[in-house]
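J.: Take a look at my_file_7.cif, mmCIF, C-alpha atoms and all ligand atoms:
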```cif
data_run
loop_
_atom_site.group_PDB
_atom_site.id
_atom_site.type_symbol
_atom_site.label_atom_id
_atom_site.label_comp_id
_atom_site.auth_asym_id
_atom_site.auth_seq_id
_atom_site.Cartn_x
_atom_site.Cartn_y
_atom_site.Cartn_z
ATOM 1 C CA MET A 1 149.220 83.142 136.948
ATOM 2 C CA HIS A 2 145.674 84.493 136.643
ATOM 3 C CA VAL A 3 143.348 82.966 134.031
ATOM 4 C CA VAL A 4 140.143 84.622 132.853
ATOM 5 C CA VAL A 5 137.840 82.894 130.401
ATOM 6 C CA ASN A 6 135.808 85.263 128.244
ATOM 7 C CA ALA A 7 133.102 84.277 125.783
ATOM 8 C CA ALA A 8 129.916 85.509 124.171
ATOM 9 C CA MET A 9 126.921 83.217 124.076
ATOM 10 C CA SER A 10 123.390 83.465 122.776
ATOM 11 C CA ALA A 11 120.444 83.674 125.170
ATOM 12 C CA ASP A 12 120.189 79.882 124.809
ATOM 13 C CA GLY A 13 123.844 79.273 125.687
ATOM 14 C CA LYS A 14 125.466 78.718 122.272
ATOM 15 C CA LEU A 15 128.843 80.088 121.209
ATOM 16 C CA SER A 16 128.102 79.554 117.534
ATOM 17 C CA SER A 17 125.722 77.688 115.243
ATOM 18 C CA ARG A 18 125.804 74.004 114.309
ATOM 19 C CA ARG A 19 127.869 75.068 111.272
ATOM 20 C CA ARG A 20 130.558 76.295 113.709
ATOM 21 C CA GLU A 21 130.890 79.553 111.819
ATOM 22 C CA GLN A 22 131.834 82.709 113.697
ATOM 23 C CA ILE A 23 128.726 84.638 114.769
ATOM 24 C CA ALA A 24 128.801 88.192 116.134
ATOM 25 C CA ILE A 25 126.931 87.747 119.403
ATOM 26 C CA SER A 26 128.592 90.742 121.058
ATOM 27 C CA GLY A 27 127.734 94.285 120.062
ATOM 28 C CA ASP A 28 130.168 97.211 119.781
ATOM 29 C CA ALA A 29 130.339 97.869 123.530
ATOM 30 C CA ASP A 30 131.160 94.270 124.346
ATOM 31 C CA PHE A 31 133.756 94.015 121.564
ATOM 32 C CA ASP A 32 135.365 97.185 123.034
ATOM 33 C CA ARG A 33 135.401 95.554 126.482
ATOM 34 C CA VAL A 34 137.006 92.425 124.991
ATOM 35 C CA ASP A 35 139.637 94.573 123.287
ATOM 36 C CA ARG A 36 140.464 96.175 126.661
ATOM 37 C CA LEU A 37 140.697 92.737 128.256
ATOM 38 C CA ARG A 38 143.092 91.610 125.507
ATOM 39 C CA ALA A 39 145.172 94.750 126.010
ATOM 40 C CA ASP A 40 145.385 94.009 129.746
ATOM 41 C CA SER A 41 146.567 90.434 129.153
ATOM 42 C CA ASP A 42 149.977 88.899 128.562
ATOM 43 C CA ALA A 43 148.486 86.186 126.348
ATOM 44 C CA VAL A 44 145.242 85.310 124.573
ATOM 45 C CA VAL A 45 144.546 81.575 124.340
ATOM 46 C CA VAL A 46 142.270 79.583 122.017
ATOM 47 C CA GLY A 47 141.865 75.935 121.039
ATOM 48 C CA VAL A 48 142.707 74.776 117.546
ATOM 49 C CA GLY A 49 138.964 74.267 116.924
ATOM 50 C CA THR A 50 138.525 78.029 117.103
ATOM 51 C CA VAL A 51 141.493 78.615 114.790
ATOM 52 C CA LEU A 52 140.067 76.193 112.226
ATOM 53 C CA ALA A 53 136.537 77.605 112.520
ATOM 54 C CA ASP A 54 137.179 81.356 112.831
ATOM 55 C CA ASP A 55 140.767 81.989 111.744
ATOM 56 C CA PRO A 56 141.014 84.712 114.424
ATOM 57 C CA HIS A 57 143.793 87.284 114.594
ATOM 58 C CA LEU A 58 143.586 87.769 118.388
ATOM 59 C CA THR A 59 145.241 91.184 118.352
ATOM 60 C CA VAL A 60 144.281 94.428 120.077
ATOM 61 C CA LYS A 61 142.132 96.367 117.618
ATOM 62 C CA ASP A 62 142.242 99.867 119.184
ATOM 63 C CA GLU A 63 145.431 101.710 118.276
ATOM 64 C CA ASN A 64 145.246 103.743 121.529
ATOM 65 C CA LEU A 65 145.311 100.527 123.543
ATOM 66 C CA ARG A 66 148.307 99.263 121.557
ATOM 67 C CA ASP A 67 150.072 102.604 122.188
ATOM 68 C CA GLU A 68 149.270 102.320 125.897
ATOM 69 C CA ARG A 69 150.904 98.879 125.980
ATOM 70 C CA ARG A 70 154.011 100.186 124.209
ATOM 71 C CA THR A 71 154.196 103.118 126.669
ATOM 72 C CA ASN A 72 154.181 100.552 129.466
ATOM 73 C CA GLY A 73 157.121 98.761 127.852
ATOM 74 C CA LYS A 74 155.050 95.888 126.462
ATOM 75 C CA PRO A 75 154.720 94.634 122.907
ATOM 76 C CA ALA A 76 151.788 96.192 121.037
ATOM 77 C CA ASN A 77 149.822 92.946 121.243
ATOM 78 C CA PRO A 78 149.722 90.193 123.842
ATOM 79 C CA ALA A 79 151.136 86.814 122.892
ATOM 80 C CA ARG A 80 148.764 84.403 121.166
ATOM 81 C CA VAL A 81 148.517 80.780 122.240
ATOM 82 C CA VAL A 82 146.910 77.900 120.333
ATOM 83 C CA VAL A 83 146.255 74.597 122.113
ATOM 84 C CA ASP A 84 146.723 72.100 119.305
ATOM 85 C CA SER A 85 147.682 68.489 120.187
ATOM 86 C CA SER A 86 148.327 67.346 116.609
ATOM 87 C CA ALA A 87 149.793 70.564 115.183
ATOM 88 C CA ARG A 88 146.797 71.080 112.874
ATOM 89 C CA THR A 89 147.108 74.883 112.816
ATOM 90 C CA PRO A 90 147.482 75.821 109.120
ATOM 91 C CA SER A 91 150.650 77.760 108.224
ATOM 92 C CA SER A 92 148.371 80.384 106.672
ATOM 93 C CA ALA A 93 146.464 80.992 109.942
ATOM 94 C CA GLU A 94 146.116 84.655 110.961
ATOM 95 C CA VAL A 95 147.468 83.866 114.440
ATOM 96 C CA LEU A 96 150.803 82.943 112.869
ATOM 97 C CA ASP A 97 151.461 86.344 111.350
ATOM 98 C CA ASP A 98 154.116 88.661 112.788
ATOM 99 C CA ALA A 99 151.722 90.931 114.733
ATOM 100 C CA ALA A 100 152.583 89.162 118.000
ATOM 101 C CA THR A 101 154.538 86.299 119.461
ATOM 102 C CA THR A 102 152.596 83.065 119.030
ATOM 103 C CA TYR A 103 152.962 79.874 121.041
ATOM 104 C CA VAL A 104 151.465 76.626 119.768
ATOM 105 C CA CYS A 105 151.073 73.981 122.469
ATOM 106 C CA VAL A 106 151.350 70.504 120.952
ATOM 107 C CA SER A 107 151.562 66.942 122.302
ATOM 108 C CA ASP A 108 154.243 64.289 121.772
ATOM 109 C CA ALA A 109 151.899 62.768 119.154
ATOM 110 C CA ALA A 110 152.084 65.747 116.772
ATOM 111 C CA PRO A 111 153.650 64.700 113.444
ATOM 112 C CA VAL A 112 157.248 65.886 113.099
ATOM 113 C CA GLU A 113 156.706 67.527 109.677
ATOM 114 C CA GLN A 114 153.750 69.556 110.935
ATOM 115 C CA ARG A 115 155.707 70.628 113.990
ATOM 116 C CA ALA A 116 158.608 71.695 111.782
ATOM 117 C CA ALA A 117 156.283 73.740 109.555
ATOM 118 C CA LEU A 118 154.704 75.448 112.564
ATOM 119 C CA ALA A 119 158.072 76.128 114.185
ATOM 120 C CA GLU A 120 158.834 78.519 111.309
ATOM 121 C CA HIS A 121 156.050 80.830 112.522
ATOM 122 C CA ALA A 122 155.568 80.073 116.223
ATOM 123 C CA ASP A 123 157.272 78.964 119.415
ATOM 124 C CA LEU A 124 156.270 75.381 120.142
ATOM 125 C CA ILE A 125 155.533 74.098 123.649
ATOM 126 C CA THR A 126 155.319 70.311 123.892
ATOM 127 C CA ALA A 127 153.258 68.991 126.808
ATOM 128 C CA GLY A 128 151.295 65.728 127.032
ATOM 129 C CA GLU A 129 151.416 62.405 125.197
ATOM 130 C CA GLU A 130 148.311 62.330 122.975
ATOM 131 C CA ARG A 131 146.546 65.506 124.071
ATOM 132 C CA VAL A 132 147.986 68.769 125.338
ATOM 133 C CA ASP A 133 148.515 68.571 129.102
ATOM 134 C CA LEU A 134 147.111 71.970 130.059
ATOM 135 C CA LEU A 135 148.743 72.153 133.489
ATOM 136 C CA ARG A 136 152.165 71.578 131.989
ATOM 137 C CA ALA A 137 151.524 73.863 129.016
ATOM 138 C CA PHE A 138 150.367 76.731 131.244
ATOM 139 C CA ALA A 139 153.363 76.196 133.543
ATOM 140 C CA ALA A 140 155.618 76.504 130.482
ATOM 141 C CA LEU A 141 153.847 79.730 129.495
ATOM 142 C CA GLN A 142 154.396 81.083 132.983
ATOM 143 C CA GLU A 143 158.106 80.328 132.618
ATOM 144 C CA GLN A 144 158.012 82.645 129.591
ATOM 145 C CA GLY A 145 156.782 85.467 131.838
ATOM 146 C CA ILE A 146 153.093 85.094 131.017
ATOM 147 C CA GLU A 147 151.066 85.874 134.134
ATOM 148 C CA ARG A 148 147.777 87.371 132.932
ATOM 149 C CA VAL A 149 145.980 84.971 130.612
ATOM 150 C CA MET A 150 142.748 85.525 128.728
ATOM 151 C CA VAL A 151 141.077 82.477 127.176
ATOM 152 C CA GLU A 152 138.695 83.173 124.281
ATOM 153 C CA GLY A 153 137.364 79.656 123.678
ATOM 154 C CA GLY A 154 136.046 77.522 122.372
ATOM 155 C CA GLY A 155 133.833 75.238 124.389
ATOM 156 C CA GLU A 156 136.083 72.154 124.270
ATOM 157 C CA LEU A 157 139.078 74.032 125.607
ATOM 158 C CA ILE A 158 137.039 75.922 128.211
ATOM 159 C CA PHE A 159 135.653 72.660 129.634
ATOM 160 C CA SER A 160 139.163 71.170 129.882
ATOM 161 C CA LEU A 161 140.468 74.266 131.644
ATOM 162 C CA PHE A 162 137.701 74.015 134.248
ATOM 163 C CA GLU A 163 138.443 70.293 134.577
ATOM 164 C CA ALA A 164 142.123 71.071 135.175
ATOM 165 C CA GLY A 165 141.230 73.690 137.800
ATOM 166 C CA LEU A 166 142.982 76.402 135.821
ATOM 167 C CA VAL A 167 140.183 78.997 135.615
ATOM 168 C CA ASP A 168 140.093 81.905 138.076
ATOM 169 C CA ASP A 169 137.423 84.135 136.505
ATOM 170 C CA LEU A 170 134.709 83.764 133.895
ATOM 171 C CA SER A 171 133.114 86.619 131.987
ATOM 172 C CA VAL A 172 130.211 85.832 129.712
ATOM 173 C CA PHE A 173 128.303 88.203 127.505
ATOM 174 C CA VAL A 174 124.793 86.801 126.990
ATOM 175 C CA GLY A 175 123.526 88.323 123.771
ATOM 176 C CA PRO A 176 119.996 88.938 122.477
ATOM 177 C CA LYS A 177 119.918 86.038 119.974
ATOM 178 C CA VAL A 178 118.655 82.478 119.944
ATOM 179 C CA ILE A 179 120.898 80.123 117.971
ATOM 180 C CA GLY A 180 119.681 76.662 118.981
ATOM 181 C CA GLY A 181 120.930 73.327 117.722
ATOM 182 C CA ARG A 182 121.847 70.284 119.824
ATOM 183 C CA ASP A 183 125.239 70.138 118.140
ATOM 184 C CA ALA A 184 126.025 73.840 118.347
ATOM 185 C CA PRO A 185 129.006 74.613 120.620
ATOM 186 C CA THR A 186 128.262 75.780 124.144
ATOM 187 C CA LEU A 187 130.385 77.525 126.739
ATOM 188 C CA ALA A 188 131.713 74.273 128.201
ATOM 189 C CA ASP A 189 131.511 71.188 125.988
ATOM 190 C CA GLY A 190 133.955 68.276 126.374
ATOM 191 C CA ASP A 191 132.550 65.279 128.282
ATOM 192 C CA GLY A 192 130.797 67.499 130.822
ATOM 193 C CA PHE A 193 130.832 67.077 134.579
ATOM 194 C CA VAL A 194 128.649 64.563 136.405
ATOM 195 C CA GLU A 195 129.906 65.442 139.881
ATOM 196 C CA ASN A 196 132.273 67.909 141.529
ATOM 197 C CA PHE A 197 130.809 70.688 139.391
ATOM 198 C CA PRO A 198 132.950 73.829 139.512
ATOM 199 C CA GLU A 199 131.136 76.375 141.673
ATOM 200 C CA LEU A 200 131.028 80.052 140.751
ATOM 201 C CA GLU A 201 130.549 83.224 142.783
ATOM 202 C CA LEU A 202 128.686 85.973 140.964
ATOM 203 C CA GLY A 203 130.486 89.299 140.632
ATOM 204 C CA GLU A 204 129.222 92.066 138.348
ATOM 205 C CA VAL A 205 125.970 92.039 136.377
ATOM 206 C CA GLU A 206 125.821 94.719 133.677
ATOM 207 C CA ARG A 207 123.346 95.508 130.901
ATOM 208 C CA LEU A 208 125.250 95.857 127.622
ATOM 209 C CA ASP A 209 124.422 95.808 123.905
ATOM 210 C CA GLY A 210 120.869 94.632 124.570
ATOM 211 C CA GLY A 211 122.195 91.694 126.554
ATOM 212 C CA VAL A 212 123.947 91.187 129.855
ATOM 213 C CA LEU A 213 127.545 90.820 130.926
ATOM 214 C CA LEU A 214 128.044 88.384 133.792
ATOM 215 C CA THR A 215 131.305 88.099 135.653
ATOM 216 C CA TRP A 216 131.949 85.159 137.931
ATOM 217 C CA ARG A 217 134.798 84.059 140.178
ATOM 218 C CA VAL A 218 135.584 80.381 140.463
ATOM 219 C CA ALA A 219 135.135 79.349 144.089
ATOM 220 C CA ASP A 220 138.168 77.851 145.867
HETATM 221 N N1 LIG A 301 131.177 83.205 120.926
HETATM 222 C C1 LIG A 301 132.423 83.116 121.387
HETATM 223 O O1 LIG A 301 132.819 83.837 122.320
HETATM 224 C C2 LIG A 301 133.353 82.124 120.775
HETATM 225 C C3 LIG A 301 132.896 81.194 119.874
HETATM 226 N N2 LIG A 301 133.737 80.242 119.383
HETATM 227 C C4 LIG A 301 133.161 79.212 118.503
HETATM 228 O O2 LIG A 301 133.443 77.934 119.080
HETATM 229 C C5 LIG A 301 133.658 76.972 118.045
HETATM 230 C C6 LIG A 301 135.006 76.297 118.268
HETATM 231 O O3 LIG A 301 134.994 75.682 119.519
HETATM 232 P P1 LIG A 301 135.472 74.181 119.724
HETATM 233 O O4 LIG A 301 135.133 73.378 118.532
HETATM 234 O O5 LIG A 301 134.970 73.757 121.040
HETATM 235 O O6 LIG A 301 137.055 74.325 119.683
HETATM 236 P P2 LIG A 301 138.180 74.803 120.718
HETATM 237 O O7 LIG A 301 138.665 76.116 120.254
HETATM 238 O O8 LIG A 301 137.771 74.636 122.121
HETATM 239 O O9 LIG A 301 139.343 73.761 120.373
HETATM 240 C C7 LIG A 301 139.154 72.423 120.735
HETATM 241 C C8 LIG A 301 140.327 71.619 120.298
HETATM 242 O O10 LIG A 301 141.469 71.970 121.070
HETATM 243 C C9 LIG A 301 142.353 70.872 121.073
HETATM 244 N N3 LIG A 301 142.872 70.554 122.377
HETATM 245 C C10 LIG A 301 144.159 70.206 122.637
HETATM 246 N N4 LIG A 301 144.330 69.909 123.895
HETATM 247 C C11 LIG A 301 143.128 70.051 124.479
HETATM 248 C C12 LIG A 301 142.701 69.851 125.795
HETATM 249 N N5 LIG A 301 143.533 69.474 126.767
HETATM 250 N N6 LIG A 301 141.422 70.052 126.060
HETATM 251 C C13 LIG A 301 140.565 70.470 125.089
HETATM 252 N N7 LIG A 301 140.912 70.662 123.812
HETATM 253 C C14 LIG A 301 142.208 70.451 123.515
HETATM 254 C C15 LIG A 301 141.535 69.671 120.582
HETATM 255 O O11 LIG A 301 141.967 69.348 119.264
HETATM 256 P P3 LIG A 301 143.260 68.404 119.112
HETATM 257 O O12 LIG A 301 142.940 67.156 119.895
HETATM 258 O O13 LIG A 301 143.424 68.216 117.678
HETATM 259 O O14 LIG A 301 144.341 69.180 119.723
HETATM 260 C C16 LIG A 301 140.119 70.158 120.550
HETATM 261 O O15 LIG A 301 139.351 69.558 119.548
HETATM 262 C C17 LIG A 301 133.565 77.719 116.733
HETATM 263 O O16 LIG A 301 132.265 77.556 116.221
HETATM 264 C C18 LIG A 301 133.794 79.181 117.135
HETATM 265 O O17 LIG A 301 133.135 80.062 116.253
HETATM 266 C C19 LIG A 301 135.046 80.179 119.751
HETATM 267 C C20 LIG A 301 135.547 81.100 120.625
HETATM 268 C C21 LIG A 301 134.747 82.136 121.224
HETATM 269 N N1 LIG A 302 133.704 88.370 122.538
HETATM 270 C C1 LIG A 302 133.264 87.752 121.434
HETATM 271 N N2 LIG A 302 132.032 87.997 120.977
HETATM 272 C C2 LIG A 302 131.568 87.371 119.891
HETATM 273 O O1 LIG A 302 130.339 87.627 119.470
HETATM 274 C C3 LIG A 302 132.389 86.453 119.209
HETATM 275 N N3 LIG A 302 131.937 85.820 118.090
HETATM 276 C C4 LIG A 302 133.690 86.251 119.714
HETATM 277 N N4 LIG A 302 134.514 85.400 119.106
HETATM 278 C C5 LIG A 302 135.906 85.318 119.473
HETATM 279 O O2 LIG A 302 136.663 86.357 118.872
HETATM 280 C C6 LIG A 302 137.648 85.805 118.012
HETATM 281 C C7 LIG A 302 137.905 86.695 116.819
HETATM 282 O O3 LIG A 302 139.016 87.494 117.082
HETATM 283 P P1 LIG A 302 139.604 88.529 115.999
HETATM 284 O O4 LIG A 302 138.555 89.578 115.804
HETATM 285 O O5 LIG A 302 139.890 87.789 114.740
HETATM 286 O O6 LIG A 302 140.827 89.096 116.625
HETATM 287 C C8 LIG A 302 137.052 84.466 117.648
HETATM 288 O O7 LIG A 302 137.952 83.528 117.211
HETATM 289 C C9 LIG A 302 136.471 84.031 118.972
HETATM 290 O O8 LIG A 302 137.477 83.580 119.850
HETATM 291 N N5 LIG A 302 134.099 86.906 120.834
#
```
Once more with this new file: its structure as structure tokens, please.
Ligand SMILES: NC(=O)C1=CN([C@@H]2O[C@H](COP(=O)(O)OP(=O)(O)OC[C@H]3O[C@@H](n4cnc5c(N)ncnc54)[C@H](OP(=O)(O)O)[C@@H]3O)[C@@H](O)[C@H]2O)C=CC1
Ligand SMILES: Nc1nc(O)c(N)c(N[C@@H]2O[C@H](COP(=O)(O)O)[C@@H](O)[C@H]2O)n1
T.:
Amino acid sequence: MHVVVNAAMSADGKLSSRRREQIAISGDADFDRVDRLRADSDAVVVGVGTVLADDPHLTVKDENLRDERRTNGKPANPARVVVDSSARTPSSAEVLDDAATTYVCVSDAAPVEQRAALAEHADLITAGEERVDLLRAFAALQEQGIERVMVEGGGELIFSLFEAGLVDDLSVFVGPKVIGGRDAPTLADGDGFVENFPELELGEVERLDGGVLLTWRVAD
């Protein structure tokens, strides 16, 4: 399995404001690049915090890219995956519509009624006691044939994926905005590292949309 984390952050490192509302940090060129990355993936993964904040659809927007996938014998859209220990994803969430297969990864602690409601719209993967065990959840996704994974956030999930050693590549668009706020989400939140910091090797550096696209490889 190959896991790429993609995110857009402001010049001061924020994914969103302290209100946790979706903010367009990317411009058209970066959104097009993200669409291509989605189209090249078997699954797009987010944490439930992003579902609750943004209600994303996580589909491929460009019809030509969807056609290309179909021509290659794939479904029009990659699978969508929500990491959601307590099964808090609302039944009305956009990611639960029929545009793509959706997996919701829950823990043993998720209430039975909420699991049952979600199971009407998504395939459930149970991994972990209180919190989703990401290593087990990703292994279960791989058993479903998912090899190329794109993670779109947010900061809590991204930190945990680095902590679990699951990230291979990181692409970050740094946009021409300052958002600020000590409580605004950043690229990697969680508890943060105090030692054994994941080390990155810089790949491409590209000017885009008045900002810069940085691609990194996680060092072995
Ligand atoms: N600019 C950008 O590129 C992007 C910005 N965003 C922004 O980020 C914000 C949302 O990010 P954030 O609040 O960090 O939410 P996340 O999307 O990272 O979801 C975090 C939640 O995932 C659940 N979870 C389950 N298992 C794990 C695990 N093992 N490790 C970590 N989390 C786990 C937790 O909830 P539980 O315990 O209930 O399961 C946790 O609270 C929004 O403001 C959104 O707009 C989001 C994506 C991209
Ligand atoms: N690449 C990127 N740039 C930004 O500026 C963003 N705000 C985001 N947000 C992510 O995109 C998701 C929305 O997806 P849909 O358009 O609904 O398919 C959102 O939930 C974030 O993960 N990304």
J.: Name the residues that the PyMOL selection byres (((chain A and resi 1) around 12) and not hetatm) picks from the file above, as number ranges by chain, using the file's chain letters and numbers.
T.: A: 2-4, 41-43, 135, 138-150, 166-169
J.: Dump the neighbourhood of ligand LIG 302 (chain A) as a list in words: all residues within 6 Å, distances computed on all atoms listed in the file.
T.: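 For ligand LIG 302 (chain A), the residues inside 6 Å are Ala7, Ala8, Gln22, Ile23, Ala24, Ile25, Ser26, Phe31, Val34, Thr50, Asp54, Pro56, His57, Leu58, Thr59, Glu152 and Gly153 of chain A.
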J.: How about saving the chosen residues, C-alpha atoms kept, as a PDB file, in the coordinates of the input?
T.:
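Written out: result05.pdb:
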```pdb
ATOM      1  CA  ALA A   7     133.102  84.277 125.783  1.00  0.00           C
ATOM      2  CA  ALA A   8     129.916  85.509 124.171  1.00  0.00           C
ATOM      3  CA  GLN A  22     131.834  82.709 113.697  1.00  0.00           C
ATOM      4  CA  ILE A  23     128.726  84.638 114.769  1.00  0.00           C
ATOM      5  CA  ALA A  24     128.801  88.192 116.134  1.00  0.00           C
ATOM      6  CA  ILE A  25     126.931  87.747 119.403  1.00  0.00           C
ATOM      7  CA  SER A  26     128.592  90.742 121.058  1.00  0.00           C
ATOM      8  CA  PHE A  31     133.756  94.015 121.564  1.00  0.00           C
ATOM      9  CA  VAL A  34     137.006  92.425 124.991  1.00  0.00           C
ATOM     10  CA  THR A  50     138.525  78.029 117.103  1.00  0.00           C
ATOM     11  CA  ASP A  54     137.179  81.356 112.831  1.00  0.00           C
ATOM     12  CA  PRO A  56     141.014  84.712 114.424  1.00  0.00           C
ATOM     13  CA  HIS A  57     143.793  87.284 114.594  1.00  0.00           C
ATOM     14  CA  LEU A  58     143.586  87.769 118.388  1.00  0.00           C
ATOM     15  CA  THR A  59     145.241  91.184 118.352  1.00  0.00           C
ATOM     16  CA  GLU A 152     138.695  83.173 124.281  1.00  0.00           C
ATOM     17  CA  GLY A 153     137.364  79.656 123.678  1.00  0.00           C
TER      18      GLY A 153
END
```
J.: Find the residue from A:Met9, A:Val174, A:Leu202, A:Val44 that sits nearest to ligand LIG 301 (chain A); use all atoms listed in the file when measuring.
T.: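 Ranked by minimum distance to ligand LIG 301 (chain A), first place goes to A:Met9.
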J.: Please report, as lines of an AutoDock Vina configuration file, the centre and edge lengths in Å to one decimal of an axis-aligned box covering all listed atoms of ligand LIG 301 (chain A) with 6 Å per side.
T.:
```
center_x = 137.8
center_y = 75.5
center_z = 121.5
size_x = 25.2
size_y = 28.7
size_z = 22.5
```
J.: For ligand LIG 301 (chain A), return the neighbouring residues as JSON, numbers by chain (distance at most 7 Å; all atoms listed in the file).
T.: {"A": [6, 7, 8, 9, 15, 16, 17, 20, 21, 22, 23, 25, 46, 47, 48, 49, 50, 51, 53, 54, 83, 84, 85, 86, 88, 131, 132, 133, 134, 152, 153, 154, 155, 156, 157, 158, 160, 185, 189]}
J.: Suppose a student applies the PyMOL selection byres (((chain A and resi 109) around 10) and not hetatm) to this structure; what residues should they get, written as a list in words?
T.: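 Checking the PyMOL selection byres (((chain A and resi 109) around 10) and not hetatm) against this file, the residues are Ser85, Ser86, Ala87, Val106, Ser107, Asp108, Ala110, Pro111, Val112, Thr126, Ala127, Gly128, Glu129, Glu130, Arg131 and Val132 of chain A.
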J.: Applied to this file, what does the PyMOL selection byres (((chain A and resi 12) around 8) and not hetatm) return in terms of residues, put as a ChimeraX atom specification?
T.: /A:9-11,13-14,177-180
J.: Just to confirm, what's the straight-line distance from CA of Leu200 in chain A to CA of Pro176 in chain A in Å (one decimal)?
T.: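 CA of Pro176 in chain A lies 23.1 Å from CA of Leu200 in chain A.
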J.: Could you please determine the separation between CA of Thr89 in chain A and CA of Ile125 in chain A in Å, to one decimal place?
T.: 13.7 Å
J.: What's the separation between CA of Ser171 in chain A and CA of Trp216 in chain A, in Å to one decimal place?
T.: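 Answer for the CA of Ser171 in chain A to CA of Trp216 in chain A separation: 6.2 Å.
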J.: Choose the residue, out of A:Ala119, A:Leu187, A:Val172, A:Ala99, that has the smallest atom-to-atom separation from Leu214 in chain A; count all atoms listed in the file.
T.: A:Val172
J.: Within 7 Å of (132.3, 91.8, 135.4), only C-alpha atoms: residues as a PDB file with C-alpha atoms, in the coordinates of the input?
T.:
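Once everything was written out, this is out_21.pdb:
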```pdb
ATOM      1  CA  SER A 171     133.114  86.619 131.987  1.00  0.00           C
ATOM      2  CA  GLY A 203     130.486  89.299 140.632  1.00  0.00           C
ATOM      3  CA  GLU A 204     129.222  92.066 138.348  1.00  0.00           C
ATOM      4  CA  VAL A 205     125.970  92.039 136.377  1.00  0.00           C
ATOM      5  CA  LEU A 213     127.545  90.820 130.926  1.00  0.00           C
ATOM      6  CA  LEU A 214     128.044  88.384 133.792  1.00  0.00           C
ATOM      7  CA  THR A 215     131.305  88.099 135.653  1.00  0.00           C
TER       8      THR A 215
END
```
J.: Choose the residue, out of A:Val104, A:Ala137, A:Val82, A:Ala76, that has the smallest atom-to-atom separation from Asp55 in chain A; count only C-alpha atoms.
T.: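 Among A:Val104, A:Ala137, A:Val82, A:Ala76, it is A:Val82 that comes nearest to Asp55 in chain A.
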J.: Find the residue from A:Ala39, A:Ala219, A:Ala100, A:Leu124 that sits nearest to Asn72 in chain A; use only C-alpha atoms when measuring.
T.: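 Answer, going by the shortest atom-to-atom distance: A:Ala39.
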J.: Of the residues A:Arg80, A:Arg33, A:Arg38, A:Lys61, which is the one nearest to Leu96 in chain A, using only C-alpha atoms?
T.: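 Selected residue with least distance to Leu96 in chain A: A:Arg80.
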J.: Counting all atoms listed in the file, which residue out of A:Glu199, A:Asp183, A:Asp67, A:Asp35 sits closest to Gly165 in chain A?
T.: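 Among the listed residues, A:Glu199 lies closest to Gly165 in chain A.
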